[in-house]
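Here is the structure we will look at.
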There are 8 protein chains.
Amino acid sequence: MVIAYLLALVETGKEHQAAEEVSKVQGVKEVIITYGTWDIVTKISTGTLNELDMVITNIRKIPLIQQTETLIGI
Amino acid sequence: MVIAYLLALVETGKEHQAAEEVSKVQGVKEVIITYGTWDIVTKISTGTLNELDMVITNIRKIPLIQQTETLIGI
Amino acid sequence: MVIAYLLALVETGKEHQAAEEVSKVQGVKEVIITYGTWDIVTKISTGTLNELDMVITNIRKIPLIQQTETLIGI
Amino acid sequence: MVIAYLLALVETGKEHQAAEEVSKVQGVKEVIITYGTWDIVTKISTGTLNELDMVITNIRKIPLIQQTETLIGI
Amino acid sequence: MVIAYLLALVETGKEHQAAEEVSKVQGVKEVIITYGTWDIVTKISTGTLNELDMVITNIRKIPLIQQTETLIGI
Amino acid sequence: MVIAYLLALVETGKEHQAAEEVSKVQGVKEVIITYGTWDIVTKISTGTLNELDMVITNIRKIPLIQQTETLIGI
Amino acid sequence: MVIAYLLALVETGKEHQAAEEVSKVQGVKEVIITYGTWDIVTKISTGTLNELDMVITNIRKIPLIQQTETLIGI
Amino acid sequence: MVIAYLLALVETGKEHQAAEEVSKVQGVKEVIITYGTWDIVTKISTGTLNELDMVITNIRKIPLIQQTETLIGI
């Protein structure tokens, strides 16, 4: 099992909408809004690195998402 | 009471206009222009974390604001 | 309730020991080791900002912890 | 008049003591503890850049202070 | 000979397409997708700093490339 | 006299054009292209902080300039 | 197979010695010295995430290594 | 000819002494103290990348220097 935290910058002023859309992506376990270095924190859990790639790609395809950094648990 | 400093990057060349618009948001106590890692520094004071969420959201809805980081005093 | 993610840099070569010590701090819900920008990610849940201050202070008092950044959910 | 915000990383676990020592430096108007990218935020007000240099140098001579970044209002 | 690693942020959701386009630029030896601080890592090898300038400029002209940082081996 | 270094990110693929335009701004003493964390480095020399504000504002009004950070010598 | 790039800060003034020691760690394929945001860049190739964990841990146990960030190819 | 800017963090409280020592290193053309993201900015000019390596190594061997980032003009 692979656990990862995806940190994201989103379109300013639309954090709540972005968090809701991210929470619907399969593999996403939790989303919180934070206004520190990053706007939202997302917890992801998948079976393999390949599946993680798909989840991250799906999140990054959401138009409100502008930049991400993923911390992969190993 | 919650005190927070919001650091912001704004549209380049419009710092003075952005600072003026931010200063009108309720809950904002002070705004200065700085050209370091961030373009403007804003001091915010609210009664609760929920109210802080509203102030930050209002600032981030200003079109000239491009990215922010909030340092929450605790 | 306040949820926060604490990102930490720890003494190099002692990540597993640091993660174990952090996991024993009251208020800490989860700890994973990651080798991205940060060495470990910690999820914290408390009732108030004051209690969050205490949890963070307790984590930061662990000698293996060298630098932290906290993302507070609001 | 020169206004500046000094952001500082301090010795982990000694934030409250560091904040108290910084607050005693002449020219320092306000100090808050924050656990975001930086541990404490300090507001400084001086008459000239030379005096700002002295205030920053005095803060940086405090042994608990490990790294700083100064945002100068202009 | 000059060896350099170019780290890049690309248009979100188009990492695989960006990596493929970068891999076609002359002087590029390897491209991998990573979702850490940067989206892709590129290894470049050229004969001189001037040629490195040309390779970097060609990569940066690809519309999907949004920001880069180059680590030059010396 | 105030000396400052302005670091800038510019529109990708147009570094040489951006550097040329920046070099024409009054108060700018030197411009070099670098592909590290920043795309160009600019040295500025002015008589006062107010004049530095004007030079930085003029550079930031150049459409190719996307983000800047200014290191003020004190 | 897992490919990763480990970026490291090393003890200042001992980059060449650090690079040599890192190059001896099993799983390390390439090491170059760079003086950008990071001092050395290391390419690692392993069969699994668990083996990657071991390689990173071994590199981080080298006393000259002070901080690392790992970009995992996925 | 190679031109580079070396940005450095120095031992807190000893910036003036560090700047003076750096200014004595052969190849260093200018040093200023700044309290932004970095403590001092150094301009270096050498004939080749190899000579630049030597200058940077000599600067990094100064005990007061704690971390550096070099922006190489190309």
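Residues in the structure tokens are numbered from 1 in each chain, the chains being A, B, ... in the order shown, and ligands are numbered from 1 in the order shown.
For chain B, the residues close to chain H, meaning within 10 Å and counting only C-alpha atoms, are Tyr35, Gly36 and Thr37 of chain B.
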For the selection just defined, write its residues with all heavy atoms to a file, as a CSV table (one decimal), in the first residue's frame.
chain,number,residue,atom,x,y,z
B,35,TYR,N,9.2,44.2,-1.1
B,35,TYR,CA,9.6,43.6,-2.4
B,35,TYR,C,10.5,42.4,-2.1
B,35,TYR,O,11.4,42.1,-2.9
B,35,TYR,CB,10.2,44.5,-3.4
B,35,TYR,CG,9.2,45.6,-3.8
B,35,TYR,CD1,9.4,46.9,-3.4
B,35,TYR,CD2,8.2,45.3,-4.7
B,35,TYR,CE1,8.5,47.9,-3.8
B,35,TYR,CE2,7.3,46.3,-5.2
B,35,TYR,CZ,7.5,47.6,-4.7
B,35,TYR,OH,6.6,48.6,-5.1
B,36,GLY,N,10.4,41.7,-0.9
B,36,GLY,CA,11.2,40.6,-0.6
B,36,GLY,C,10.6,39.3,-1.3
B,36,GLY,O,10.2,39.4,-2.4
B,37,THR,N,10.6,38.3,-0.5
B,37,THR,CA,9.9,37.1,-1.0
B,37,THR,C,8.5,37.3,-1.3
B,37,THR,O,7.9,36.6,-2.1
B,37,THR,CB,10.0,35.9,0.1
B,37,THR,OG1,11.3,36.0,0.7
B,37,THR,CG2,9.8,34.6,-0.5
| request: Would you list the contacts of region 60-70 of chain F as number ranges by chain, taking every protein, DNA or RNA residue within 9 Å and counting only C-alpha atoms, but skipping same-chain residues closer than 4 positions in sequence? | output: B: 9-14, 34-39; F: 4-12, 14-15, 17-18, 21-22, 38, 55-56; H: 36-37
| message | Just want the 12 Å neighbourhood of Ser23 (chain F), counted on only C-alpha atoms, with same-chain residues fewer than 4 positions away dropped. Output as a list in words. | response | Leu6, His16, Gln17, Ala18, Ala19, Gly27, Val28, Lys29, Glu30, Val31, Ile32, Ile33, Ile40, Val41, Thr42, Lys43, Ile44, Val55, Asn58, Ile59 and Ile62 of chain F
| task | Within chain B, find each residue whose DSSP state, derived from the backbone, is strand (DSSP E or B), and express the selection as an MDAnalysis selection string. | result | chainID B and resid 2:10 28:34 40:46 65:73
| To one decimal place, how far is CA of Ile72 (chain B) from CA of Ile72 (chain C) in Å? |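 CA of Ile72 (chain C) lies 8.2 Å from CA of Ile72 (chain B).
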